[in-house]
$ cat query-v1.cif   # mmCIF, C-alpha atoms
data_target
loop_
_atom_site.group_PDB
_atom_site.id
_atom_site.type_symbol
_atom_site.label_atom_id
_atom_site.label_comp_id
_atom_site.auth_asym_id
_atom_site.auth_seq_id
_atom_site.Cartn_x
_atom_site.Cartn_y
_atom_site.Cartn_z
ATOM 1 C CA MET A 1 -12.638 37.206 -53.514
ATOM 2 C CA GLU A 2 -11.786 39.256 -50.417
ATOM 3 C CA GLN A 3 -14.126 37.117 -48.309
ATOM 4 C CA GLU A 4 -12.452 33.930 -49.554
ATOM 5 C CA LEU A 5 -8.983 35.374 -48.797
ATOM 6 C CA SER A 6 -10.109 36.468 -45.325
ATOM 7 C CA GLN A 7 -11.551 33.028 -44.666
ATOM 8 C CA ALA A 8 -8.309 31.378 -45.799
ATOM 9 C CA ILE A 9 -6.295 33.613 -43.454
ATOM 10 C CA ARG A 10 -8.586 32.762 -40.537
ATOM 11 C CA VAL A 11 -8.245 29.039 -41.281
ATOM 12 C CA LYS A 12 -4.464 29.374 -41.511
ATOM 13 C CA ASN A 13 -4.293 31.268 -38.207
ATOM 14 C CA ALA A 14 -6.510 28.709 -36.525
ATOM 15 C CA LEU A 15 -4.292 25.881 -37.764
ATOM 16 C CA ASN A 16 -1.165 27.699 -36.562
ATOM 17 C CA ASN A 17 -2.753 28.165 -33.129
ATOM 18 C CA LEU A 18 -3.581 24.468 -32.942
ATOM 19 C CA ILE A 19 -0.020 23.539 -33.907
ATOM 20 C CA GLU A 20 1.408 25.914 -31.279
ATOM 21 C CA GLN A 21 -0.905 24.452 -28.640
ATOM 22 C CA GLU A 22 0.165 20.905 -29.522
ATOM 23 C CA GLU A 23 3.836 21.863 -29.442
ATOM 24 C CA SER A 24 3.343 23.630 -26.106
ATOM 25 C CA LYS A 25 1.564 20.565 -24.691
ATOM 26 C CA TYR A 26 4.417 18.229 -25.601
ATOM 27 C CA ILE A 27 7.121 20.647 -24.429
ATOM 28 C CA HIS A 28 5.228 21.005 -21.142
ATOM 29 C CA ALA A 29 5.068 17.227 -20.740
ATOM 30 C CA ALA A 30 8.817 16.861 -21.277
ATOM 31 C CA THR A 31 9.516 18.188 -17.763
ATOM 32 C CA SER A 32 8.118 16.768 -14.540
ATOM 33 C CA ASP A 33 5.753 18.929 -12.498
ATOM 34 C CA ASN A 34 8.146 19.043 -9.534
ATOM 35 C CA THR A 35 11.067 20.161 -11.690
ATOM 36 C CA ARG A 36 8.910 22.744 -13.440
ATOM 37 C CA ARG A 37 7.733 24.211 -10.131
ATOM 38 C CA ALA A 38 11.317 24.370 -8.858
ATOM 39 C CA TYR A 39 12.478 26.147 -12.026
ATOM 40 C CA GLN A 40 9.609 28.622 -11.804
ATOM 41 C CA LEU A 41 10.529 29.492 -8.219
ATOM 42 C CA ASP A 42 14.190 29.856 -9.204
ATOM 43 C CA ILE A 43 13.366 32.221 -12.063
ATOM 44 C CA ALA A 44 11.033 34.201 -9.782
ATOM 45 C CA HIS A 45 13.832 34.650 -7.233
ATOM 46 C CA PHE A 46 16.245 35.845 -9.927
ATOM 47 C CA LEU A 47 13.713 38.444 -11.057
ATOM 48 C CA LYS A 48 12.965 39.481 -7.470
ATOM 49 C CA GLU A 49 16.662 40.205 -6.958
ATOM 50 C CA GLY A 50 16.684 42.599 -9.894
ATOM 51 C CA GLY A 51 17.324 40.222 -12.762
ATOM 52 C CA GLU A 52 15.758 40.540 -16.180
ATOM 53 C CA LEU A 53 14.834 38.090 -18.905
ATOM 54 C CA PRO A 54 16.526 37.564 -21.259
ATOM 55 C CA ALA A 55 19.455 37.749 -18.848
ATOM 56 C CA SER A 56 22.981 38.949 -19.462
ATOM 57 C CA ALA A 57 26.035 37.066 -18.265
ATOM 58 C CA GLN A 58 27.025 40.070 -16.152
ATOM 59 C CA ARG A 59 23.644 40.147 -14.389
ATOM 60 C CA ILE A 60 23.834 36.434 -13.590
ATOM 61 C CA GLU A 61 27.371 36.881 -12.272
ATOM 62 C CA ASP A 62 26.212 39.781 -10.040
ATOM 63 C CA TYR A 63 23.266 37.692 -8.828
ATOM 64 C CA LEU A 64 25.530 34.789 -7.874
ATOM 65 C CA LYS A 65 27.919 37.047 -5.956
ATOM 66 C CA LYS A 66 25.043 38.630 -4.060
ATOM 67 C CA CYS A 67 23.453 35.289 -3.130
ATOM 68 C CA ALA A 68 26.638 33.319 -2.419
ATOM 69 C CA PRO A 69 26.915 34.199 1.304
ATOM 70 C CA VAL A 70 23.231 33.451 1.919
ATOM 71 C CA TYR A 71 22.184 30.393 -0.079
ATOM 72 C CA ASN A 72 23.450 26.844 -0.344
ATOM 73 C CA PRO A 73 25.703 26.572 -3.440
ATOM 74 C CA ARG A 74 23.583 23.664 -4.689
ATOM 75 C CA THR A 75 20.578 25.985 -4.704
ATOM 76 C CA LEU A 76 22.501 28.460 -6.863
ATOM 77 C CA VAL A 77 23.556 25.681 -9.246
ATOM 78 C CA ARG A 78 19.898 24.762 -9.683
ATOM 79 C CA ARG A 79 18.945 28.400 -10.286
ATOM 80 C CA VAL A 80 21.576 28.735 -12.981
ATOM 81 C CA THR A 81 20.201 25.541 -14.520
ATOM 82 C CA ALA A 82 16.706 27.070 -14.499
ATOM 83 C CA LEU A 83 18.018 30.163 -16.309
ATOM 84 C CA ARG A 84 19.817 27.944 -18.817
ATOM 85 C CA GLN A 85 16.623 25.995 -19.552
ATOM 86 C CA TRP A 86 14.591 29.213 -19.938
ATOM 87 C CA HIS A 87 16.980 30.613 -22.554
ATOM 88 C CA LYS A 88 17.181 27.302 -24.411
ATOM 89 C CA LEU A 89 13.393 27.019 -24.541
ATOM 90 C CA LYS A 90 13.194 30.542 -25.971
ATOM 91 C CA GLN A 91 15.951 29.632 -28.471
ATOM 92 C CA LEU A 92 18.136 32.478 -27.186
ATOM 93 C CA ASP A 93 21.860 32.640 -26.554
ATOM 94 C CA ASP A 94 22.670 31.015 -23.235
ATOM 95 C CA PRO A 95 24.383 33.514 -20.878
ATOM 96 C CA THR A 96 25.026 30.807 -18.275
ATOM 97 C CA GLN A 97 27.739 29.386 -20.548
ATOM 98 C CA SER A 98 29.821 32.515 -20.099
ATOM 99 C CA PRO A 99 33.322 31.623 -18.784
ATOM 100 C CA ARG A 100 32.935 34.217 -16.007
ATOM 101 C CA VAL A 101 29.598 32.772 -14.881
ATOM 102 C CA LYS A 102 31.047 29.251 -14.825
ATOM 103 C CA LYS A 103 34.155 30.350 -12.944
ATOM 104 C CA THR A 104 32.124 32.365 -10.435
ATOM 105 C CA LEU A 105 29.939 29.339 -9.723
ATOM 106 C CA ARG A 106 32.989 27.085 -9.262
ATOM 107 C CA GLY A 107 34.489 29.603 -6.852
ATOM 108 C CA ILE A 108 31.280 29.723 -4.830
ATOM 109 C CA LEU A 109 31.230 25.927 -4.607
ATOM 110 C CA ARG A 110 34.832 25.891 -3.341
ATOM 111 C CA LEU A 111 34.385 28.666 -0.775
ATOM 112 C CA HIS A 112 30.846 27.986 0.435
ATOM 113 C CA GLY A 113 30.362 24.289 -0.301
ATOM 114 C CA LYS A 114 28.714 22.300 2.484
ATOM 115 C CA PRO A 115 28.162 18.571 3.001
ATOM 116 C CA ARG A 116 24.861 17.408 1.593
ATOM 117 C CA LYS A 117 22.266 16.940 4.314
ATOM 118 C CA GLN A 118 20.788 13.456 4.151
ATOM 119 C CA ALA A 119 17.997 11.968 6.186
ATOM 120 C CA PRO A 120 19.247 9.149 8.456
ATOM 121 C CA ALA A 121 18.277 5.631 7.485
ATOM 122 C CA LEU A 122 15.513 4.057 9.570
ATOM 123 C CA LYS A 123 16.703 0.811 11.147
ATOM 124 C CA LEU A 124 14.501 -2.264 11.443
ATOM 125 C CA SER A 125 14.725 -2.068 15.237
ATOM 126 C CA GLU A 126 13.447 1.519 15.070
ATOM 127 C CA LEU A 127 10.686 0.526 12.684
ATOM 128 C CA ASP A 128 9.642 -2.173 15.149
ATOM 129 C CA GLN A 129 9.518 0.414 17.934
ATOM 130 C CA MET A 130 7.240 2.535 15.759
ATOM 131 C CA MET A 131 4.956 -0.424 15.150
ATOM 132 C CA HIS A 132 4.784 -1.254 18.866
ATOM 133 C CA TYR A 133 3.892 2.358 19.652
ATOM 134 C CA ILE A 134 1.125 2.388 17.024
ATOM 135 C CA LYS A 135 -0.220 -0.943 18.285
ATOM 136 C CA GLU A 136 -0.443 0.474 21.809
ATOM 137 C CA HIS A 137 -2.294 3.589 20.595
ATOM 138 C CA PRO A 138 -4.988 2.333 18.186
ATOM 139 C CA SER A 139 -6.769 4.980 16.110
ATOM 140 C CA LEU A 140 -7.785 5.661 12.524
ATOM 141 C CA ILE A 141 -4.779 7.950 12.054
ATOM 142 C CA HIS A 142 -2.394 5.330 13.383
ATOM 143 C CA THR A 143 -3.940 2.673 11.136
ATOM 144 C CA ARG A 144 -3.133 4.912 8.176
ATOM 145 C CA ASN A 145 0.329 5.784 9.483
ATOM 146 C CA LYS A 146 1.188 2.117 10.052
ATOM 147 C CA ALA A 147 0.335 1.290 6.438
ATOM 148 C CA LEU A 148 2.209 4.342 5.158
ATOM 149 C CA LEU A 149 5.383 3.579 7.124
ATOM 150 C CA LEU A 150 5.459 -0.116 6.275
ATOM 151 C CA VAL A 151 4.592 0.293 2.596
ATOM 152 C CA GLY A 152 7.079 3.153 2.301
ATOM 153 C CA PHE A 153 9.853 1.123 3.947
ATOM 154 C CA PHE A 154 9.362 -2.303 2.363
ATOM 155 C CA GLY A 155 8.417 -0.845 -1.006
ATOM 156 C CA ALA A 156 11.454 1.486 -0.928
ATOM 157 C CA PHE A 157 9.193 4.182 -2.294
ATOM 158 C CA ARG A 158 10.245 7.698 -3.095
ATOM 159 C CA ARG A 159 8.122 10.325 -1.419
ATOM 160 C CA SER A 160 6.585 11.382 -4.740
ATOM 161 C CA GLU A 161 5.664 7.758 -5.491
ATOM 162 C CA LEU A 162 4.189 7.200 -2.044
ATOM 163 C CA VAL A 163 1.845 10.205 -2.082
ATOM 164 C CA ALA A 164 0.749 9.439 -5.653
ATOM 165 C CA LEU A 165 -0.256 5.828 -4.961
ATOM 166 C CA THR A 166 -3.867 4.936 -5.749
ATOM 167 C CA TRP A 167 -5.898 1.834 -4.968
ATOM 168 C CA GLU A 168 -6.079 1.129 -8.696
ATOM 169 C CA GLN A 169 -2.325 0.459 -8.653
ATOM 170 C CA VAL A 170 -2.520 -2.249 -5.971
ATOM 171 C CA GLN A 171 -3.288 -5.892 -6.628
ATOM 172 C CA PHE A 172 -3.544 -8.262 -3.645
ATOM 173 C CA VAL A 173 -2.477 -11.811 -4.484
ATOM 174 C CA SER A 174 -1.993 -15.022 -2.521
ATOM 175 C CA ASP A 175 1.675 -14.288 -1.757
ATOM 176 C CA GLY A 176 1.323 -10.594 -0.960
ATOM 177 C CA MET A 177 0.680 -7.607 -3.189
ATOM 178 C CA LEU A 178 1.805 -6.222 -6.496
ATOM 179 C CA ILE A 179 2.005 -2.446 -6.886
ATOM 180 C CA THR A 180 2.326 -1.031 -10.388
ATOM 181 C CA LEU A 181 3.957 2.366 -10.680
ATOM 182 C CA TRP A 182 2.628 4.149 -13.725
ATOM 183 C CA ARG A 183 5.276 6.843 -13.500
ATOM 184 C CA SER A 184 8.223 7.614 -11.277
ATOM 185 C CA LYS A 185 11.410 9.655 -11.130
ATOM 186 C CA THR A 186 13.230 6.985 -13.138
ATOM 187 C CA ASP A 187 10.292 6.268 -15.456
ATOM 188 C CA GLN A 188 9.056 9.598 -16.814
ATOM 189 C CA THR A 189 7.781 8.040 -20.049
ATOM 190 C CA GLY A 190 5.262 5.812 -18.301
ATOM 191 C CA GLU A 191 6.615 2.399 -19.276
ATOM 192 C CA GLY A 192 5.551 1.158 -15.847
ATOM 193 C CA GLN A 193 7.486 -0.443 -12.990
ATOM 194 C CA ARG A 194 6.396 -3.184 -10.597
ATOM 195 C CA CYS A 195 6.986 -3.417 -6.879
ATOM 196 C CA ILE A 196 6.379 -6.838 -5.367
ATOM 197 C CA ILE A 197 5.887 -7.025 -1.588
ATOM 198 C CA PRO A 198 5.280 -10.432 0.045
ATOM 199 C CA PHE A 199 3.521 -11.033 3.338
ATOM 200 C CA GLY A 200 5.650 -10.420 6.431
ATOM 201 C CA ASP A 201 5.332 -11.211 10.117
ATOM 202 C CA GLU A 202 2.447 -9.793 12.114
ATOM 203 C CA LEU A 203 4.313 -6.771 13.507
ATOM 204 C CA ARG A 204 5.822 -5.448 10.287
ATOM 205 C CA CYS A 205 3.646 -6.795 7.465
ATOM 206 C CA PRO A 206 2.930 -4.042 4.914
ATOM 207 C CA VAL A 207 0.331 -6.162 3.100
ATOM 208 C CA ARG A 208 -1.901 -6.710 6.131
ATOM 209 C CA ALA A 209 -1.368 -3.113 7.223
ATOM 210 C CA LEU A 210 -2.613 -1.833 3.863
ATOM 211 C CA ILE A 211 -5.607 -4.189 3.926
ATOM 212 C CA ASP A 212 -6.443 -2.950 7.436
ATOM 213 C CA TRP A 213 -6.265 0.658 6.249
ATOM 214 C CA ARG A 214 -8.511 -0.069 3.274
ATOM 215 C CA GLN A 215 -11.116 -1.643 5.530
ATOM 216 C CA ALA A 216 -10.875 1.141 8.125
ATOM 217 C CA SER A 217 -11.063 3.929 5.537
ATOM 218 C CA ASN A 218 -13.646 2.160 3.375
ATOM 219 C CA GLN A 219 -11.842 3.536 0.321
ATOM 220 C CA PHE A 220 -11.346 1.361 -2.736
ATOM 221 C CA GLU A 221 -10.363 3.856 -5.414
ATOM 222 C CA GLY A 222 -8.371 7.060 -5.716
ATOM 223 C CA PRO A 223 -5.488 8.135 -3.465
ATOM 224 C CA ILE A 224 -4.489 5.569 -0.843
ATOM 225 C CA PHE A 225 -2.974 7.823 1.794
ATOM 226 C CA ARG A 226 -5.277 10.735 2.614
ATOM 227 C CA ARG A 227 -5.582 13.358 5.317
ATOM 228 C CA ILE A 228 -7.980 12.679 8.140
ATOM 229 C CA LEU A 229 -10.024 15.728 9.099
ATOM 230 C CA LYS A 230 -10.666 16.888 12.677
ATOM 231 C CA THR A 231 -14.207 15.580 12.285
ATOM 232 C CA GLY A 232 -12.804 12.093 11.718
ATOM 233 C CA GLU A 233 -13.781 12.142 8.058
ATOM 234 C CA ILE A 234 -11.269 11.061 5.429
ATOM 235 C CA GLY A 235 -10.370 13.681 2.834
ATOM 236 C CA GLN A 236 -10.598 13.124 -0.881
ATOM 237 C CA LYS A 237 -7.094 14.277 -1.781
ATOM 238 C CA GLY A 238 -3.847 12.455 -1.157
ATOM 239 C CA LEU A 239 -1.299 13.557 1.430
ATOM 240 C CA SER A 240 1.247 16.211 0.462
ATOM 241 C CA ASP A 241 4.985 15.510 0.387
ATOM 242 C CA ARG A 242 5.557 17.692 3.433
ATOM 243 C CA TYR A 243 2.823 15.991 5.438
ATOM 244 C CA VAL A 244 4.443 12.594 4.939
ATOM 245 C CA ASN A 245 7.704 13.953 6.352
ATOM 246 C CA GLN A 246 5.781 15.269 9.361
ATOM 247 C CA ILE A 247 4.263 11.836 9.980
ATOM 248 C CA VAL A 248 7.662 10.115 9.922
ATOM 249 C CA GLN A 249 9.164 12.720 12.251
ATOM 250 C CA GLN A 250 6.241 12.707 14.660
ATOM 251 C CA VAL A 251 6.188 8.932 15.094
ATOM 252 C CA ALA A 252 9.981 8.983 15.509
ATOM 253 C CA LYS A 253 9.611 11.616 18.247
ATOM 254 C CA ASN A 254 6.859 9.601 19.927
ATOM 255 C CA ILE A 255 9.236 6.679 20.442
ATOM 256 C CA GLY A 256 12.082 8.968 21.493
ATOM 257 C CA LEU A 257 14.536 8.610 18.606
ATOM 258 C CA PRO A 258 17.374 11.118 19.194
ATOM 259 C CA HIS A 259 17.635 12.007 15.491
ATOM 260 C CA ALA A 260 13.866 12.334 14.923
ATOM 261 C CA ASP A 261 14.094 15.965 13.756
ATOM 262 C CA HIS A 262 16.339 14.938 10.874
ATOM 263 C CA MET A 263 14.195 12.050 9.670
ATOM 264 C CA SER A 264 11.950 12.227 6.621
ATOM 265 C CA SER A 265 10.159 9.933 4.224
ATOM 266 C CA HIS A 266 13.556 9.329 2.598
ATOM 267 C CA SER A 267 14.611 7.600 5.826
ATOM 268 C CA LEU A 268 12.262 4.761 4.844
ATOM 269 C CA ARG A 269 13.853 4.304 1.426
ATOM 270 C CA ARG A 270 17.398 4.562 2.756
ATOM 271 C CA GLY A 271 16.513 2.249 5.607
ATOM 272 C CA PHE A 272 15.365 -0.445 3.187
ATOM 273 C CA ALA A 273 18.702 -0.320 1.327
ATOM 274 C CA THR A 274 20.948 -0.334 4.396
ATOM 275 C CA GLU A 275 19.013 -2.919 6.384
ATOM 276 C CA SER A 276 18.422 -5.369 3.536
ATOM 277 C CA ALA A 277 22.137 -5.208 2.663
ATOM 278 C CA ARG A 278 23.080 -5.747 6.303
ATOM 279 C CA LEU A 279 20.958 -8.903 6.393
ATOM 280 C CA GLY A 280 22.462 -10.341 3.221
ATOM 281 C CA ALA A 281 20.410 -9.124 0.225
ATOM 282 C CA SER A 282 22.480 -8.746 -2.944
ATOM 283 C CA LEU A 283 23.198 -5.381 -4.516
ATOM 284 C CA PRO A 284 21.318 -6.229 -7.762
ATOM 285 C CA ALA A 285 18.266 -7.364 -5.776
ATOM 286 C CA ILE A 286 18.257 -4.163 -3.690
ATOM 287 C CA GLN A 287 18.723 -1.965 -6.747
ATOM 288 C CA ARG A 288 15.993 -3.755 -8.672
ATOM 289 C CA HIS A 289 13.456 -3.599 -5.849
ATOM 290 C CA GLY A 290 14.132 0.073 -5.098
ATOM 291 C CA ARG A 291 14.094 0.977 -8.795
ATOM 292 C CA TRP A 292 17.465 2.728 -8.566
ATOM 293 C CA ARG A 293 19.099 3.461 -11.889
ATOM 294 C CA CYS A 294 22.442 4.438 -10.356
ATOM 295 C CA THR A 295 24.389 1.698 -8.574
ATOM 296 C CA LYS A 296 26.598 4.364 -6.976
ATOM 297 C CA THR A 297 23.636 5.762 -5.017
ATOM 298 C CA VAL A 298 22.708 2.348 -3.621
ATOM 299 C CA LEU A 299 26.326 1.675 -2.646
ATOM 300 C CA GLU A 300 26.486 5.002 -0.802
ATOM 301 C CA TYR A 301 23.417 4.034 1.229
ATOM 302 C CA ILE A 302 24.777 0.571 1.985
ATOM 303 C CA GLU A 303 28.244 1.824 2.945
ATOM 304 C CA ALA A 304 26.714 4.493 5.194
ATOM 305 C CA GLY A 305 24.867 1.754 7.044
ATOM 306 C CA ARG A 306 28.118 -0.153 7.591
ATOM 307 C CA GLU A 307 30.223 2.764 8.856
ATOM 308 C CA PHE A 308 30.551 1.349 12.349
ATOM 309 C CA SER A 309 30.553 -2.383 11.648
ATOM 310 C CA ASP A 310 33.151 -2.048 8.853
ATOM 311 C CA SER A 311 35.362 0.446 10.663
ATOM 312 C CA ALA A 312 39.053 -0.454 10.721
ATOM 313 C CA VAL A 313 39.099 0.749 14.326
ATOM 314 C CA ASN A 314 37.241 -2.425 15.356
ATOM 315 C CA VAL A 315 40.365 -4.483 14.615
ATOM 316 C CA LEU A 316 42.387 -2.383 17.067
ATOM 317 C CA PHE A 317 39.790 -2.777 19.822
ATOM 318 C CA ASN A 318 39.782 -6.548 19.388
ATOM 319 C CA PHE A 319 43.574 -6.904 19.410
#

$ encode --input "query-v1.cif" --output "structure tokens"
Amino acid sequence: MEQELSQAIRVKNALNNLIEQEESKYIHAATSDNTRRAYQLDIAHFLKEGGELPASAQRIEDYLKKCAPVYNPRTLVRRVTALRQWHKLKQLDDPTQSPRVKKTLRGILRLHGKPRKQAPALKLSELDQMMHYIKEHPSLIHTRNKALLLVGFFGAFRRSELVALTWEQVQFVSDGMLITLWRSKTDQTGEGQRCIIPFGDELRCPVRALIDWRQASNQFEGPIFRRILKTGEIGQKGLSDRYVNQIVQQVAKNIGLPHADHMSSHSLRRGFATESARLGASLPAIQRHGRWRCTKTVLEYIEAGREFSDSAVNVLFNF
């Protein structure tokens, strides 16, 4: 009888462990890897500064006051969000909802708020300069960089989408290429989004550039954009987010762009929105191609690209 009872307890415990593992798996999948890493770093910083978990409202308030003169207020907002998510996940009372914590955070935003730093949009004329430079300096690295810049620009890809691209997602067709995004920032559930890129002219054709890179790299599966080792061999892993930014900045510096240090992979995505709008593309077409959910974001990019041409000052100069 005791053996049967012991066996039943073991079976019950095993089942409970399996259920907990399944629950943990689904909870883990509910948050993107990038967001999870950011939250983990935020929690780690809170603990490093003397915080404890579970946290009290007073400790969070003290933490915010200590960090306010040093860190960007948006960083502190994200750290409070990370603490909120931690307490919710543990089904504990949320100290971040304390009126004093909320008021302290609002005060920090008012006193220390700074304009959001945004990468400048890459203009078509600047993209052409990049392509001319690459054409004049042929190499395996530049073959890869040409494909990366053109696909990133004309596909309006987010950096996370660009580094995650694999050859299995690309289909070359008679009119260009079709890239299927299995997941993205605006498609966390994996419904799939399509990016259609037609053939362009010889200088700035992303389709031919990608075909050239495939032939040069002799890679037909796995990550598309990979690091090239000092030996000239092509690595097996895809490029990191930071490395893509370095490529954009370096090519921009090579052609002498004055704002090269401020450019990033986001300059490609912004550049697509501003330049296509300038040349007459409709807002719905731009939003659909770039897979933007928020029309406001697209409008901000477009309006930023028209700051000089739409300035009321122009009327006074022409009077």

$ closest_residue --input "query-v1.cif" --among "A:Gly152, A:Arg291, A:Asp241, A:Arg144" --to "Ile224 in chain A" --atoms "only C-alpha atoms"
A:Arg144

$ resolve_selection --input "query-v1.cif" --expression "the PyMOL selection byres ((chain A and resi 162-179) around 6)" --output "list in words"
Phe157, Arg159, Ser160, Glu161, Thr180, Arg194, Cys195, Ile196, Ile197, Pro198, Phe199, Phe220, Glu221, Gly222, Pro223, Ile224 and Leu239 of chain A

$ residues_around --input "query-v1.cif" --residues "Glu61 in chain A" --least-positions-apart "4" --cutoff "12 Å" --atoms "only C-alpha atoms" --output "ChimeraX atom specification"
/A:46,51,55-57,65-68,76,80,95-108

$ atom_distance --input "query-v1.cif" --atom1 "CA of Gly200 in chain A" --atom2 "CA of Ser125 in chain A"
15.2 Å

$ atom_distance --input "query-v1.cif" --atom1 "CA of Lys123 in chain A" --atom2 "CA of Thr274 in chain A"
8.1 Å

$ resolve_selection --input "query-v1.cif" --expression "the PyMOL selection byres ((chain A and resi 257-259) around 12)" --output "ChimeraX atom specification"
/A:118-123,125-127,129-130,248-256,260-264,267

$ resolve_selection --input "query-v1.cif" --expression "the PyMOL selection byres ((chain A and resi 50) around 12)" --output "PyMOL selection string"
chain A and resi 43-49+51-53+55+59-60+62-64+66

$ closest_residue --input "query-v1.cif" --among "A:Leu109, A:Leu279, A:Ala156, A:Ile141" --to "Arg227 in chain A" --atoms "all atoms listed in the file"
A:Ile141

$ decode --input "query-v1.cif" --residues "range 205-226 of chain A" --atoms "N, CA and C atoms" --output "mmCIF file, in the first residue's frame"
data_model
loop_
_atom_site.group_PDB
_atom_site.id
_atom_site.type_symbol
_atom_site.label_atom_id
_atom_site.label_comp_id
_atom_site.auth_asym_id
_atom_site.auth_seq_id
_atom_site.Cartn_x
_atom_site.Cartn_y
_atom_site.Cartn_z
ATOM 1 N N CYS A 205 20.114 48.137 -57.758
ATOM 2 C CA CYS A 205 19.174 47.011 -57.810
ATOM 3 C C CYS A 205 19.457 46.029 -56.684
ATOM 4 N N PRO A 206 18.571 45.930 -55.701
ATOM 5 C CA PRO A 206 18.785 45.011 -54.578
ATOM 6 C C PRO A 206 18.703 43.540 -54.990
ATOM 7 N N VAL A 207 17.920 43.247 -56.023
ATOM 8 C CA VAL A 207 17.760 41.853 -56.453
ATOM 9 C C VAL A 207 19.062 41.329 -57.042
ATOM 10 N N ARG A 208 19.640 42.067 -57.970
ATOM 11 C CA ARG A 208 20.907 41.629 -58.578
ATOM 12 C C ARG A 208 22.031 41.627 -57.543
ATOM 13 N N ALA A 209 22.003 42.591 -56.637
ATOM 14 C CA ALA A 209 23.035 42.653 -55.604
ATOM 15 C C ALA A 209 22.986 41.413 -54.707
ATOM 16 N N LEU A 210 21.781 40.956 -54.390
ATOM 17 C CA LEU A 210 21.651 39.776 -53.533
ATOM 18 C C LEU A 210 22.057 38.515 -54.292
ATOM 19 N N ILE A 211 21.721 38.453 -55.573
ATOM 20 C CA ILE A 211 22.138 37.308 -56.394
ATOM 21 C C ILE A 211 23.661 37.268 -56.494
ATOM 22 N N ASP A 212 24.278 38.440 -56.678
ATOM 23 C CA ASP A 212 25.743 38.507 -56.748
ATOM 24 C C ASP A 212 26.379 38.026 -55.449
ATOM 25 N N TRP A 213 25.781 38.411 -54.324
ATOM 26 C CA TRP A 213 26.321 37.995 -53.025
ATOM 27 C C TRP A 213 26.161 36.487 -52.828
ATOM 28 N N ARG A 214 25.055 35.943 -53.274
ATOM 29 C CA ARG A 214 24.848 34.496 -53.141
ATOM 30 C C ARG A 214 25.886 33.732 -53.962
ATOM 31 N N GLN A 215 26.151 34.212 -55.153
ATOM 32 C CA GLN A 215 27.145 33.543 -55.998
ATOM 33 C C GLN A 215 28.550 33.694 -55.427
ATOM 34 N N ALA A 216 28.863 34.898 -54.911
ATOM 35 C CA ALA A 216 30.201 35.142 -54.370
ATOM 36 C C ALA A 216 30.435 34.363 -53.080
ATOM 37 N N SER A 217 29.402 34.256 -52.252
ATOM 38 C CA SER A 217 29.540 33.565 -50.967
ATOM 39 C C SER A 217 29.348 32.064 -51.085
ATOM 40 N N ASN A 218 28.699 31.655 -52.185
ATOM 41 C CA ASN A 218 28.396 30.230 -52.397
ATOM 42 C C ASN A 218 27.572 29.658 -51.245
ATOM 43 N N GLN A 219 26.690 30.493 -50.706
ATOM 44 C CA GLN A 219 25.799 30.079 -49.621
ATOM 45 C C GLN A 219 24.372 30.053 -50.149
ATOM 46 N N PHE A 220 23.662 28.977 -49.850
ATOM 47 C CA PHE A 220 22.298 28.844 -50.357
ATOM 48 C C PHE A 220 21.295 28.519 -49.258
ATOM 49 N N GLU A 221 21.774 28.440 -48.031
ATOM 50 C CA GLU A 221 20.871 28.203 -46.905
ATOM 51 C C GLU A 221 21.458 28.856 -45.660
ATOM 52 N N GLY A 222 20.604 29.052 -44.658
ATOM 53 C CA GLY A 222 21.059 29.695 -43.431
ATOM 54 C C GLY A 222 21.111 31.201 -43.554
ATOM 55 N N PRO A 223 21.773 31.864 -42.607
ATOM 56 C CA PRO A 223 21.824 33.334 -42.588
ATOM 57 C C PRO A 223 22.370 33.909 -43.887
ATOM 58 N N ILE A 224 21.765 34.981 -44.363
ATOM 59 C CA ILE A 224 22.211 35.609 -45.610
ATOM 60 C C ILE A 224 23.449 36.462 -45.368
ATOM 61 N N PHE A 225 23.356 37.361 -44.402
ATOM 62 C CA PHE A 225 24.446 38.303 -44.170
ATOM 63 C C PHE A 225 25.326 37.807 -43.020
ATOM 64 N N ARG A 226 26.546 37.401 -43.367
ATOM 65 C CA ARG A 226 27.454 36.801 -42.393
ATOM 66 C C ARG A 226 28.764 37.583 -42.320
#
